[in-house]
Amino acid sequence: MTTMARVIRNTPRDRLQAYFDWKGFSPANLQPGGTARHATALLREVASLDDAVQASMNADFERIQEMTDEPGQSAILHVLQDQSRLDELSNPHERAMWLFLHDPDAFRRAEEMRYTDTRRQGRMWSGFVGPRNLVPSQNAAHHRRFEEKVRVLFNAKHAKLDLFERTRPGLKNQTEHLVQAVVYRDGLPDASLEFNALGELELRPHRPVIEVAITYEPVSGVIEVVASGVEHRARLARMFAEAILRQGILGQRVPLRQYDLSRLLSPADFSADPEDGVEAVKVT
């Protein structure tokens, strides 16, 4: 209930009311933002609901809470065509919940943008040199061909491609225009212990959905792949280029930037104006 409490305490009453109306729930203590007692009473009401309803609400609030950090808010900003609406919303929680209710497809794409951007240049990321200034194909047959390649690569039964245009803040406050592809596929069979209707434990099999994110920046030609398993990323980039960009690539990695930090080893004076109130500066 920690996430649910955080969302309830930080979301304006009218926005929470819209959410609970959507869920078909009419709480008697919908007064968040007033006192902690009101929020606590509302949480007790939610806790008294059916387990399935609680689980559904908690899943929604987990998604909303995740989009309240800086990468999430940036993704929400860049997924909207008309950003003026956000000026009327009081805080990150209200902006995230408003988009969740107002445009679920845009919210999901904002989630995918956040997922991709927070993993850039991390352990799940690889960048590849690609052709510049190409327009990704919107041909359904090309999309199906790419999905089929993904199924074969991962030995999966299902694969689904979502392709959309987006922007991303770049260096020197410039806006980068990208095309992002998100590929969903089913993973290997798994099973988890659950209680059945008789209250007995049983193994319930399922196939988890695994996603791969690919971005293409036409200006630079860079293709970025976010996926677990470094051994598959170059092939995914080549498959994307062949099927969606309609041009083959070699899978050459983007060269890493080299920085010379040796000057930081030498003592240096850092100037500050008295009105800044800076007493000392130390570089470690």
# chains A, B, ... in the order shown; residues from 1 in each chain; ligands from 1
>>> select_by_dssp(residues="range 46-281 of chain A", states="strand (DSSP E)", output="MDAnalysis selection string")
chainID A and resid 125:129 159:169 175:186 190:195 201:206 209:216 222:226
>>> select_by_dssp(residues="range 24-197 of chain A", states="helix (DSSP H, G or I)", output="PDB file with N, CA and C atoms, in the first residue's frame")
ATOM      1  N   ALA A  36      -3.662  14.082   7.040  1.00  0.00           N
ATOM      2  CA  ALA A  36      -3.220  12.693   6.930  1.00  0.00           C
ATOM      3  C   ALA A  36      -4.332  11.737   7.347  1.00  0.00           C
ATOM      4  N   ARG A  37      -5.200  12.187   8.253  1.00  0.00           N
ATOM      5  CA  ARG A  37      -6.302  11.340   8.727  1.00  0.00           C
ATOM      6  C   ARG A  37      -7.246  10.991   7.592  1.00  0.00           C
ATOM      7  N   HIS A  38      -7.544  11.974   6.713  1.00  0.00           N
ATOM      8  CA  HIS A  38      -8.444  11.707   5.596  1.00  0.00           C
ATOM      9  C   HIS A  38      -7.832  10.698   4.635  1.00  0.00           C
ATOM     10  N   ALA A  39      -6.544  10.848   4.331  1.00  0.00           N
ATOM     11  CA  ALA A  39      -5.877   9.906   3.425  1.00  0.00           C
ATOM     12  C   ALA A  39      -5.845   8.515   4.032  1.00  0.00           C
ATOM     13  N   THR A  40      -5.606   8.448   5.346  1.00  0.00           N
ATOM     14  CA  THR A  40      -5.573   7.148   6.014  1.00  0.00           C
ATOM     15  C   THR A  40      -6.939   6.467   5.949  1.00  0.00           C
ATOM     16  N   ALA A  41      -8.011   7.258   6.149  1.00  0.00           N
ATOM     17  CA  ALA A  41      -9.358   6.695   6.082  1.00  0.00           C
ATOM     18  C   ALA A  41      -9.667   6.183   4.681  1.00  0.00           C
ATOM     19  N   LEU A  42      -9.231   6.919   3.662  1.00  0.00           N
ATOM     20  CA  LEU A  42      -9.454   6.484   2.292  1.00  0.00           C
ATOM     21  C   LEU A  42      -8.694   5.192   2.006  1.00  0.00           C
ATOM     22  N   LEU A  43      -7.475   5.099   2.504  1.00  0.00           N
ATOM     23  CA  LEU A  43      -6.699   3.879   2.307  1.00  0.00           C
ATOM     24  C   LEU A  43      -7.370   2.684   2.980  1.00  0.00           C
ATOM     25  N   ARG A  44      -7.980   2.907   4.147  1.00  0.00           N
ATOM     26  CA  ARG A  44      -8.705   1.818   4.807  1.00  0.00           C
ATOM     27  C   ARG A  44      -9.893   1.364   3.967  1.00  0.00           C
ATOM     28  N   GLU A  45     -10.552   2.328   3.299  1.00  0.00           N
ATOM     29  CA  GLU A  45     -11.672   1.958   2.418  1.00  0.00           C
ATOM     30  C   GLU A  45     -11.177   1.090   1.263  1.00  0.00           C
ATOM     31  N   VAL A  46     -10.066   1.499   0.675  1.00  0.00           N
ATOM     32  CA  VAL A  46      -9.513   0.735  -0.443  1.00  0.00           C
ATOM     33  C   VAL A  46      -9.111  -0.663   0.032  1.00  0.00           C
ATOM     34  N   ALA A  47      -8.549  -0.735   1.240  1.00  0.00           N
ATOM     35  CA  ALA A  47      -8.109  -2.027   1.768  1.00  0.00           C
ATOM     36  C   ALA A  47      -9.267  -2.978   2.022  1.00  0.00           C
ATOM     37  N   ASP A  51     -10.041  -8.368  -3.234  1.00  0.00           N
ATOM     38  CA  ASP A  51      -8.618  -8.506  -3.522  1.00  0.00           C
ATOM     39  C   ASP A  51      -8.291  -8.200  -4.981  1.00  0.00           C
ATOM     40  N   ALA A  52      -9.150  -8.655  -5.894  1.00  0.00           N
ATOM     41  CA  ALA A  52      -8.891  -8.429  -7.321  1.00  0.00           C
ATOM     42  C   ALA A  52      -8.961  -6.941  -7.652  1.00  0.00           C
ATOM     43  N   VAL A  53      -9.916  -6.221  -7.048  1.00  0.00           N
ATOM     44  CA  VAL A  53     -10.040  -4.785  -7.288  1.00  0.00           C
ATOM     45  C   VAL A  53      -8.825  -4.056  -6.716  1.00  0.00           C
ATOM     46  N   GLN A  54      -8.426  -4.431  -5.512  1.00  0.00           N
ATOM     47  CA  GLN A  54      -7.236  -3.827  -4.912  1.00  0.00           C
ATOM     48  C   GLN A  54      -6.005  -4.042  -5.787  1.00  0.00           C
ATOM     49  N   ALA A  55      -5.845  -5.265  -6.276  1.00  0.00           N
ATOM     50  CA  ALA A  55      -4.679  -5.576  -7.105  1.00  0.00           C
ATOM     51  C   ALA A  55      -4.681  -4.742  -8.379  1.00  0.00           C
ATOM     52  N   SER A  56      -5.873  -4.552  -8.968  1.00  0.00           N
ATOM     53  CA  SER A  56      -5.984  -3.744 -10.179  1.00  0.00           C
ATOM     54  C   SER A  56      -5.615  -2.289  -9.900  1.00  0.00           C
ATOM     55  N   MET A  57      -6.132  -1.739  -8.797  1.00  0.00           N
ATOM     56  CA  MET A  57      -5.822  -0.350  -8.445  1.00  0.00           C
ATOM     57  C   MET A  57      -4.342  -0.196  -8.129  1.00  0.00           C
ATOM     58  N   ASN A  58      -3.782  -1.140  -7.412  1.00  0.00           N
ATOM     59  CA  ASN A  58      -2.372  -1.051  -7.057  1.00  0.00           C
ATOM     60  C   ASN A  58      -1.490  -1.089  -8.296  1.00  0.00           C
ATOM     61  N   ALA A  59      -1.865  -1.914  -9.274  1.00  0.00           N
ATOM     62  CA  ALA A  59      -1.100  -1.967 -10.522  1.00  0.00           C
ATOM     63  C   ALA A  59      -1.168  -0.629 -11.249  1.00  0.00           C
ATOM     64  N   ASP A  60      -2.352  -0.007 -11.271  1.00  0.00           N
ATOM     65  CA  ASP A  60      -2.501   1.314 -11.895  1.00  0.00           C
ATOM     66  C   ASP A  60      -1.630   2.343 -11.185  1.00  0.00           C
ATOM     67  N   PHE A  61      -1.677   2.343  -9.854  1.00  0.00           N
ATOM     68  CA  PHE A  61      -0.929   3.344  -9.091  1.00  0.00           C
ATOM     69  C   PHE A  61       0.574   3.131  -9.192  1.00  0.00           C
ATOM     70  N   GLU A  62       1.007   1.889  -9.338  1.00  0.00           N
ATOM     71  CA  GLU A  62       2.436   1.630  -9.565  1.00  0.00           C
ATOM     72  C   GLU A  62       2.884   2.276 -10.873  1.00  0.00           C
ATOM     73  N   ARG A  63       2.080   2.125 -11.908  1.00  0.00           N
ATOM     74  CA  ARG A  63       2.424   2.720 -13.203  1.00  0.00           C
ATOM     75  C   ARG A  63       2.427   4.242 -13.119  1.00  0.00           C
ATOM     76  N   ILE A  64       1.443   4.808 -12.434  1.00  0.00           N
ATOM     77  CA  ILE A  64       1.356   6.260 -12.300  1.00  0.00           C
ATOM     78  C   ILE A  64       2.528   6.801 -11.494  1.00  0.00           C
ATOM     79  N   GLN A  65       2.833   6.153 -10.370  1.00  0.00           N
ATOM     80  CA  GLN A  65       3.935   6.616  -9.528  1.00  0.00           C
ATOM     81  C   GLN A  65       5.257   6.602 -10.286  1.00  0.00           C
ATOM     82  N   GLU A  66       5.467   5.574 -11.092  1.00  0.00           N
ATOM     83  CA  GLU A  66       6.731   5.462 -11.829  1.00  0.00           C
ATOM     84  C   GLU A  66       6.938   6.620 -12.799  1.00  0.00           C
ATOM     85  N   GLU A  70      11.712  12.492 -12.901  1.00  0.00           N
ATOM     86  CA  GLU A  70      12.118  13.399 -13.985  1.00  0.00           C
ATOM     87  C   GLU A  70      12.061  12.735 -15.364  1.00  0.00           C
ATOM     88  N   PRO A  71      12.588  11.508 -15.545  1.00  0.00           N
ATOM     89  CA  PRO A  71      12.454  10.874 -16.861  1.00  0.00           C
ATOM     90  C   PRO A  71      10.999  10.631 -17.261  1.00  0.00           C
ATOM     91  N   GLY A  72      10.159  10.282 -16.287  1.00  0.00           N
ATOM     92  CA  GLY A  72       8.745  10.055 -16.587  1.00  0.00           C
ATOM     93  C   GLY A  72       8.041  11.326 -17.004  1.00  0.00           C
ATOM     94  N   GLN A  73       8.318  12.417 -16.302  1.00  0.00           N
ATOM     95  CA  GLN A  73       7.691  13.690 -16.644  1.00  0.00           C
ATOM     96  C   GLN A  73       8.186  14.203 -17.993  1.00  0.00           C
ATOM     97  N   SER A  74       9.457  13.982 -18.281  1.00  0.00           N
ATOM     98  CA  SER A  74       9.989  14.371 -19.588  1.00  0.00           C
ATOM     99  C   SER A  74       9.308  13.579 -20.698  1.00  0.00           C
ATOM    100  N   ALA A  75       9.080  12.289 -20.468  1.00  0.00           N
ATOM    101  CA  ALA A  75       8.410  11.458 -21.468  1.00  0.00           C
ATOM    102  C   ALA A  75       6.974  11.921 -21.681  1.00  0.00           C
ATOM    103  N   ILE A  76       6.280  12.259 -20.600  1.00  0.00           N
ATOM    104  CA  ILE A  76       4.908  12.764 -20.728  1.00  0.00           C
ATOM    105  C   ILE A  76       4.897  14.044 -21.534  1.00  0.00           C
ATOM    106  N   LEU A  77       5.856  14.922 -21.267  1.00  0.00           N
ATOM    107  CA  LEU A  77       5.934  16.190 -21.994  1.00  0.00           C
ATOM    108  C   LEU A  77       6.153  15.968 -23.477  1.00  0.00           C
ATOM    109  N   HIS A  78       7.019  15.017 -23.823  1.00  0.00           N
ATOM    110  CA  HIS A  78       7.386  14.830 -25.219  1.00  0.00           C
ATOM    111  C   HIS A  78       6.421  13.935 -25.988  1.00  0.00           C
ATOM    112  N   VAL A  79       5.510  13.239 -25.281  1.00  0.00           N
ATOM    113  CA  VAL A  79       4.566  12.383 -25.989  1.00  0.00           C
ATOM    114  C   VAL A  79       3.324  13.156 -26.416  1.00  0.00           C
ATOM    115  N   GLN A  83       1.012  20.570 -25.462  1.00  0.00           N
ATOM    116  CA  GLN A  83       1.565  20.547 -24.119  1.00  0.00           C
ATOM    117  C   GLN A  83       0.952  21.598 -23.202  1.00  0.00           C
ATOM    118  N   SER A  84       0.109  22.476 -23.750  1.00  0.00           N
ATOM    119  CA  SER A  84      -0.478  23.542 -22.935  1.00  0.00           C
ATOM    120  C   SER A  84      -1.368  22.982 -21.832  1.00  0.00           C
ATOM    121  N   ARG A  85      -1.944  21.797 -22.058  1.00  0.00           N
ATOM    122  CA  ARG A  85      -2.836  21.212 -21.061  1.00  0.00           C
ATOM    123  C   ARG A  85      -2.091  20.928 -19.759  1.00  0.00           C
ATOM    124  N   LEU A  86      -0.799  20.649 -19.839  1.00  0.00           N
ATOM    125  CA  LEU A  86      -0.041  20.305 -18.650  1.00  0.00           C
ATOM    126  C   LEU A  86       0.118  21.494 -17.711  1.00  0.00           C
ATOM    127  N   ASP A  87       0.026  22.720 -18.247  1.00  0.00           N
ATOM    128  CA  ASP A  87       0.175  23.905 -17.404  1.00  0.00           C
ATOM    129  C   ASP A  87      -0.938  24.003 -16.373  1.00  0.00           C
ATOM    130  N   GLU A  88      -2.077  23.370 -16.640  1.00  0.00           N
ATOM    131  CA  GLU A  88      -3.214  23.444 -15.731  1.00  0.00           C
ATOM    132  C   GLU A  88      -3.156  22.386 -14.637  1.00  0.00           C
ATOM    133  N   PRO A  92       3.481  16.496 -10.546  1.00  0.00           N
ATOM    134  CA  PRO A  92       3.758  15.304 -11.362  1.00  0.00           C
ATOM    135  C   PRO A  92       2.722  14.206 -11.223  1.00  0.00           C
ATOM    136  N   HIS A  93       2.186  13.990 -10.021  1.00  0.00           N
ATOM    137  CA  HIS A  93       1.186  12.944  -9.836  1.00  0.00           C
ATOM    138  C   HIS A  93      -0.087  13.241 -10.613  1.00  0.00           C
ATOM    139  N   GLU A  94      -0.514  14.514 -10.608  1.00  0.00           N
ATOM    140  CA  GLU A  94      -1.730  14.844 -11.348  1.00  0.00           C
ATOM    141  C   GLU A  94      -1.493  14.730 -12.847  1.00  0.00           C
ATOM    142  N   ARG A  95      -0.304  15.145 -13.311  1.00  0.00           N
ATOM    143  CA  ARG A  95      -0.013  15.029 -14.748  1.00  0.00           C
ATOM    144  C   ARG A  95       0.003  13.570 -15.183  1.00  0.00           C
ATOM    145  N   ALA A  96       0.625  12.708 -14.369  1.00  0.00           N
ATOM    146  CA  ALA A  96       0.689  11.288 -14.719  1.00  0.00           C
ATOM    147  C   ALA A  96      -0.700  10.658 -14.709  1.00  0.00           C
ATOM    148  N   MET A  97      -1.508  10.969 -13.696  1.00  0.00           N
ATOM    149  CA  MET A  97      -2.839  10.370 -13.632  1.00  0.00           C
ATOM    150  C   MET A  97      -3.748  10.921 -14.725  1.00  0.00           C
ATOM    151  N   TRP A  98      -3.605  12.209 -15.038  1.00  0.00           N
ATOM    152  CA  TRP A  98      -4.430  12.790 -16.105  1.00  0.00           C
ATOM    153  C   TRP A  98      -4.164  12.078 -17.429  1.00  0.00           C
ATOM    154  N   LEU A  99      -2.886  11.856 -17.769  1.00  0.00           N
ATOM    155  CA  LEU A  99      -2.573  11.196 -19.031  1.00  0.00           C
ATOM    156  C   LEU A  99      -3.025   9.740 -18.988  1.00  0.00           C
ATOM    157  N   PHE A 100      -2.878   9.078 -17.839  1.00  0.00           N
ATOM    158  CA  PHE A 100      -3.310   7.695 -17.683  1.00  0.00           C
ATOM    159  C   PHE A 100      -4.796   7.556 -17.994  1.00  0.00           C
ATOM    160  N   LEU A 101      -5.603   8.518 -17.546  1.00  0.00           N
ATOM    161  CA  LEU A 101      -7.042   8.455 -17.768  1.00  0.00           C
ATOM    162  C   LEU A 101      -7.453   9.034 -19.122  1.00  0.00           C
ATOM    163  N   HIS A 102      -6.777  10.101 -19.529  1.00  0.00           N
ATOM    164  CA  HIS A 102      -7.193  10.836 -20.730  1.00  0.00           C
ATOM    165  C   HIS A 102      -6.775  10.143 -22.021  1.00  0.00           C
ATOM    166  N   PRO A 104      -4.773   6.600 -22.675  1.00  0.00           N
ATOM    167  CA  PRO A 104      -4.004   5.410 -22.263  1.00  0.00           C
ATOM    168  C   PRO A 104      -2.908   5.020 -23.248  1.00  0.00           C
ATOM    169  N   ASP A 105      -3.160   5.204 -24.556  1.00  0.00           N
ATOM    170  CA  ASP A 105      -2.140   4.848 -25.544  1.00  0.00           C
ATOM    171  C   ASP A 105      -0.923   5.762 -25.414  1.00  0.00           C
ATOM    172  N   ALA A 106      -1.167   7.070 -25.232  1.00  0.00           N
ATOM    173  CA  ALA A 106      -0.056   8.007 -25.059  1.00  0.00           C
ATOM    174  C   ALA A 106       0.695   7.716 -23.755  1.00  0.00           C
ATOM    175  N   PHE A 107      -0.044   7.340 -22.709  1.00  0.00           N
ATOM    176  CA  PHE A 107       0.600   7.006 -21.435  1.00  0.00           C
ATOM    177  C   PHE A 107       1.508   5.792 -21.611  1.00  0.00           C
ATOM    178  N   ARG A 108       1.022   4.780 -22.321  1.00  0.00           N
ATOM    179  CA  ARG A 108       1.846   3.585 -22.532  1.00  0.00           C
ATOM    180  C   ARG A 108       3.096   3.926 -23.332  1.00  0.00           C
ATOM    181  N   ARG A 109       2.953   4.783 -24.314  1.00  0.00           N
ATOM    182  CA  ARG A 109       4.134   5.164 -25.089  1.00  0.00           C
ATOM    183  C   ARG A 109       5.098   5.991 -24.245  1.00  0.00           C
ATOM    184  N   ALA A 110       4.568   6.826 -23.381  1.00  0.00           N
ATOM    185  CA  ALA A 110       5.441   7.560 -22.461  1.00  0.00           C
ATOM    186  C   ALA A 110       6.193   6.585 -21.555  1.00  0.00           C
ATOM    187  N   GLU A 111       5.520   5.528 -21.115  1.00  0.00           N
ATOM    188  CA  GLU A 111       6.196   4.498 -20.324  1.00  0.00           C
ATOM    189  C   GLU A 111       7.335   3.868 -21.115  1.00  0.00           C
ATOM    190  N   GLU A 112       7.090   3.584 -22.379  1.00  0.00           N
ATOM    191  CA  GLU A 112       8.126   2.972 -23.204  1.00  0.00           C
ATOM    192  C   GLU A 112       9.291   3.935 -23.416  1.00  0.00           C
ATOM    193  N   MET A 113       8.988   5.221 -23.569  1.00  0.00           N
ATOM    194  CA  MET A 113      10.044   6.213 -23.730  1.00  0.00           C
ATOM    195  C   MET A 113      10.894   6.289 -22.466  1.00  0.00           C
ATOM    196  N   ARG A 114      10.232   6.295 -21.317  1.00  0.00           N
ATOM    197  CA  ARG A 114      10.975   6.329 -20.051  1.00  0.00           C
ATOM    198  C   ARG A 114      11.827   5.069 -19.903  1.00  0.00           C
ATOM    199  N   TYR A 115      11.243   3.927 -20.217  1.00  0.00           N
ATOM    200  CA  TYR A 115      11.971   2.660 -20.126  1.00  0.00           C
ATOM    201  C   TYR A 115      13.238   2.716 -20.969  1.00  0.00           C
ATOM    202  N   THR A 116      13.122   3.222 -22.178  1.00  0.00           N
ATOM    203  CA  THR A 116      14.266   3.287 -23.092  1.00  0.00           C
ATOM    204  C   THR A 116      15.299   4.291 -22.623  1.00  0.00           C
ATOM    205  N   ASP A 117      14.853   5.495 -22.263  1.00  0.00           N
ATOM    206  CA  ASP A 117      15.786   6.569 -21.932  1.00  0.00           C
ATOM    207  C   ASP A 117      16.529   6.315 -20.630  1.00  0.00           C
ATOM    208  N   THR A 118      15.882   5.685 -19.645  1.00  0.00           N
ATOM    209  CA  THR A 118      16.558   5.426 -18.379  1.00  0.00           C
ATOM    210  C   THR A 118      17.584   4.305 -18.499  1.00  0.00           C
ATOM    211  N   ALA A 140       2.496  -2.503 -43.436  1.00  0.00           N
ATOM    212  CA  ALA A 140       2.154  -3.582 -42.500  1.00  0.00           C
ATOM    213  C   ALA A 140       2.906  -4.870 -42.816  1.00  0.00           C
ATOM    214  N   ALA A 141       3.152  -5.121 -44.106  1.00  0.00           N
ATOM    215  CA  ALA A 141       3.876  -6.338 -44.480  1.00  0.00           C
ATOM    216  C   ALA A 141       5.316  -6.298 -43.971  1.00  0.00           C
ATOM    217  N   HIS A 142       5.929  -5.116 -44.020  1.00  0.00           N
ATOM    218  CA  HIS A 142       7.295  -4.980 -43.499  1.00  0.00           C
ATOM    219  C   HIS A 142       7.308  -5.179 -41.988  1.00  0.00           C
ATOM    220  N   HIS A 143       6.271  -4.673 -41.308  1.00  0.00           N
ATOM    221  CA  HIS A 143       6.185  -4.852 -39.860  1.00  0.00           C
ATOM    222  C   HIS A 143       6.024  -6.325 -39.511  1.00  0.00           C
ATOM    223  N   ARG A 144       5.183  -7.017 -40.266  1.00  0.00           N
ATOM    224  CA  ARG A 144       4.997  -8.449 -39.998  1.00  0.00           C
ATOM    225  C   ARG A 144       6.285  -9.221 -40.247  1.00  0.00           C
ATOM    226  N   ARG A 145       7.036  -8.795 -41.255  1.00  0.00           N
ATOM    227  CA  ARG A 145       8.308  -9.457 -41.546  1.00  0.00           C
ATOM    228  C   ARG A 145       9.271  -9.290 -40.383  1.00  0.00           C
ATOM    229  N   PHE A 146       9.313  -8.100 -39.808  1.00  0.00           N
ATOM    230  CA  PHE A 146      10.184  -7.854 -38.662  1.00  0.00           C
ATOM    231  C   PHE A 146       9.734  -8.685 -37.458  1.00  0.00           C
ATOM    232  N   GLU A 147       8.429  -8.743 -37.221  1.00  0.00           N
ATOM    233  CA  GLU A 147       7.905  -9.555 -36.121  1.00  0.00           C
ATOM    234  C   GLU A 147       8.281 -11.026 -36.296  1.00  0.00           C
ATOM    235  N   GLU A 148       8.209 -11.502 -37.527  1.00  0.00           N
ATOM    236  CA  GLU A 148       8.566 -12.896 -37.794  1.00  0.00           C
ATOM    237  C   GLU A 148      10.051 -13.140 -37.499  1.00  0.00           C
ATOM    238  N   LYS A 149      10.901 -12.173 -37.858  1.00  0.00           N
ATOM    239  CA  LYS A 149      12.328 -12.296 -37.576  1.00  0.00           C
ATOM    240  C   LYS A 149      12.578 -12.366 -36.069  1.00  0.00           C
ATOM    241  N   VAL A 150      11.821 -11.562 -35.315  1.00  0.00           N
ATOM    242  CA  VAL A 150      11.967 -11.576 -33.859  1.00  0.00           C
ATOM    243  C   VAL A 150      11.528 -12.927 -33.286  1.00  0.00           C
ATOM    244  N   ARG A 151      10.418 -13.463 -33.800  1.00  0.00           N
ATOM    245  CA  ARG A 151       9.957 -14.774 -33.327  1.00  0.00           C
ATOM    246  C   ARG A 151      11.011 -15.848 -33.566  1.00  0.00           C
ATOM    247  N   VAL A 152      11.623 -15.812 -34.732  1.00  0.00           N
ATOM    248  CA  VAL A 152      12.637 -16.813 -35.061  1.00  0.00           C
ATOM    249  C   VAL A 152      13.873 -16.636 -34.177  1.00  0.00           C
ATOM    250  N   LEU A 153      14.296 -15.385 -33.985  1.00  0.00           N
ATOM    251  CA  LEU A 153      15.500 -15.121 -33.194  1.00  0.00           C
ATOM    252  C   LEU A 153      15.367 -15.633 -31.767  1.00  0.00           C
ATOM    253  N   PHE A 154      14.196 -15.412 -31.167  1.00  0.00           N
ATOM    254  CA  PHE A 154      14.008 -15.775 -29.762  1.00  0.00           C
ATOM    255  C   PHE A 154      13.199 -17.055 -29.575  1.00  0.00           C
ATOM    256  N   LEU A 171      21.623  17.261 -26.338  1.00  0.00           N
ATOM    257  CA  LEU A 171      22.647  18.146 -25.812  1.00  0.00           C
ATOM    258  C   LEU A 171      22.329  19.596 -26.160  1.00  0.00           C
ATOM    259  N   LYS A 172      22.781  20.514 -25.320  1.00  0.00           N
ATOM    260  CA  LYS A 172      22.623  21.957 -25.531  1.00  0.00           C
ATOM    261  C   LYS A 172      21.160  22.337 -25.730  1.00  0.00           C
ATOM    262  N   ASN A 173      20.276  21.666 -24.964  1.00  0.00           N
ATOM    263  CA  ASN A 173      18.843  21.967 -24.978  1.00  0.00           C
ATOM    264  C   ASN A 173      18.197  21.786 -26.342  1.00  0.00           C
TER     265      ASN A 173
END
>>> closest_residue(among="A:Gly127, A:Pro189, A:Asn139, A:Gly277", to="Asn155 in chain A", atoms="only C-alpha atoms")
A:Pro189
>>> closest_residue(among="A:Pro218, A:Pro208, A:Pro267, A:Gly248", to="Tyr184 in chain A", atoms="only C-alpha atoms")
A:Pro208
>>> closest_residue(among="A:Ser90, A:Ser192, A:Gln247, A:Gln81", to="Ser137 in chain A", atoms="only C-alpha atoms")
A:Gln247
>>> residues_around(residues="Gly221 in chain A", least_positions_apart="2", cutoff="6 Å", atoms="only C-alpha atoms", output="PDB file with N, CA and C atoms, in the first residue's frame")
ATOM      1  N   GLY A 130      24.033   3.551 -38.303  1.00  0.00           N
ATOM      2  CA  GLY A 130      23.023   3.254 -39.307  1.00  0.00           C
ATOM      3  C   GLY A 130      22.965   4.315 -40.387  1.00  0.00           C
ATOM      4  N   PRO A 131      22.135   4.132 -41.381  1.00  0.00           N
ATOM      5  CA  PRO A 131      22.006   5.105 -42.467  1.00  0.00           C
ATOM      6  C   PRO A 131      21.257   6.356 -41.996  1.00  0.00           C
ATOM      7  N   ARG A 132      21.611   7.475 -42.562  1.00  0.00           N
ATOM      8  CA  ARG A 132      20.993   8.741 -42.160  1.00  0.00           C
ATOM      9  C   ARG A 132      19.796   9.085 -43.041  1.00  0.00           C
ATOM     10  N   GLU A 217      17.486   7.604 -34.935  1.00  0.00           N
ATOM     11  CA  GLU A 217      17.554   9.055 -35.095  1.00  0.00           C
ATOM     12  C   GLU A 217      18.004   9.363 -36.527  1.00  0.00           C
ATOM     13  N   PRO A 218      17.106   9.844 -37.384  1.00  0.00           N
ATOM     14  CA  PRO A 218      17.467  10.070 -38.783  1.00  0.00           C
ATOM     15  C   PRO A 218      18.639  11.020 -38.982  1.00  0.00           C
ATOM     16  N   VAL A 219      18.749  12.073 -38.166  1.00  0.00           N
ATOM     17  CA  VAL A 219      19.808  13.068 -38.362  1.00  0.00           C
ATOM     18  C   VAL A 219      21.187  12.438 -38.210  1.00  0.00           C
TER      19      VAL A 219
END
>>> closest_residue(among="A:Val209, A:Leu161, A:Met124, A:Val182", to="Gly229 in chain A", atoms="only C-alpha atoms")
A:Met124
>>> closest_residue(among="A:Asp50, A:Val278, A:Val222, A:Asp269", to="Asn133 in chain A", atoms="only C-alpha atoms")
A:Val222
>>> residues_around(residues="His206 in chain A", least_positions_apart="5", cutoff="12 Å", atoms="only C-alpha atoms", output="PyMOL selection string")
chain A and resi 186-194
>>> write_last_selection(atoms="N, CA and C atoms", output="PDB file, in the first residue's frame")
ATOM      1  N   ASP A 186       6.792 -13.153 -26.298  1.00  0.00           N
ATOM      2  CA  ASP A 186       6.611 -14.015 -25.142  1.00  0.00           C
ATOM      3  C   ASP A 186       7.916 -14.718 -24.806  1.00  0.00           C
ATOM      4  N   GLY A 187       8.177 -14.841 -23.497  1.00  0.00           N
ATOM      5  CA  GLY A 187       9.386 -15.501 -23.047  1.00  0.00           C
ATOM      6  C   GLY A 187       9.163 -16.989 -22.857  1.00  0.00           C
ATOM      7  N   LEU A 188      10.134 -17.624 -22.236  1.00  0.00           N
ATOM      8  CA  LEU A 188      10.031 -19.051 -21.965  1.00  0.00           C
ATOM      9  C   LEU A 188       8.946 -19.312 -20.919  1.00  0.00           C
ATOM     10  N   PRO A 189       8.313 -20.475 -20.965  1.00  0.00           N
ATOM     11  CA  PRO A 189       7.270 -20.783 -19.981  1.00  0.00           C
ATOM     12  C   PRO A 189       7.801 -20.698 -18.558  1.00  0.00           C
ATOM     13  N   ASP A 190       6.957 -20.182 -17.687  1.00  0.00           N
ATOM     14  CA  ASP A 190       7.293 -20.063 -16.271  1.00  0.00           C
ATOM     15  C   ASP A 190       6.058 -20.464 -15.472  1.00  0.00           C
ATOM     16  N   ALA A 191       6.218 -20.594 -14.179  1.00  0.00           N
ATOM     17  CA  ALA A 191       5.089 -20.942 -13.320  1.00  0.00           C
ATOM     18  C   ALA A 191       5.311 -20.325 -11.958  1.00  0.00           C
ATOM     19  N   SER A 192       4.230 -19.902 -11.328  1.00  0.00           N
ATOM     20  CA  SER A 192       4.321 -19.315 -10.002  1.00  0.00           C
ATOM     21  C   SER A 192       3.287 -19.949  -9.094  1.00  0.00           C
ATOM     22  N   LEU A 193       3.621 -19.990  -7.803  1.00  0.00           N
ATOM     23  CA  LEU A 193       2.703 -20.553  -6.819  1.00  0.00           C
ATOM     24  C   LEU A 193       1.578 -19.569  -6.525  1.00  0.00           C
ATOM     25  N   GLU A 194       0.341 -20.032  -6.588  1.00  0.00           N
ATOM     26  CA  GLU A 194      -0.819 -19.214  -6.273  1.00  0.00           C
ATOM     27  C   GLU A 194      -1.824 -20.057  -5.500  1.00  0.00           C
TER      28      GLU A 194
END
>>> atom_distance(atom1="CA of Leu80 in chain A", atom2="CA of Arg13 in chain A")
23.8 Å
>>> residues_around(residues="Phe164 in chain A", least_positions_apart="6", cutoff="8 Å", atoms="only C-alpha atoms", output="list in words")
Val179, Gln180 and Ala181 of chain A
>>> atom_distance(atom1="CA of Arg6 in chain A", atom2="CA of Gly24 in chain A")
21.3 Å
>>> atom_distance(atom1="CA of Ile249 in chain A", atom2="CA of Leu178 in chain A")
18.3 Å
>>> residues_around(residues="Phe128 in chain A", least_positions_apart="3", cutoff="8 Å", atoms="only C-alpha atoms", output="count of residues only")
9
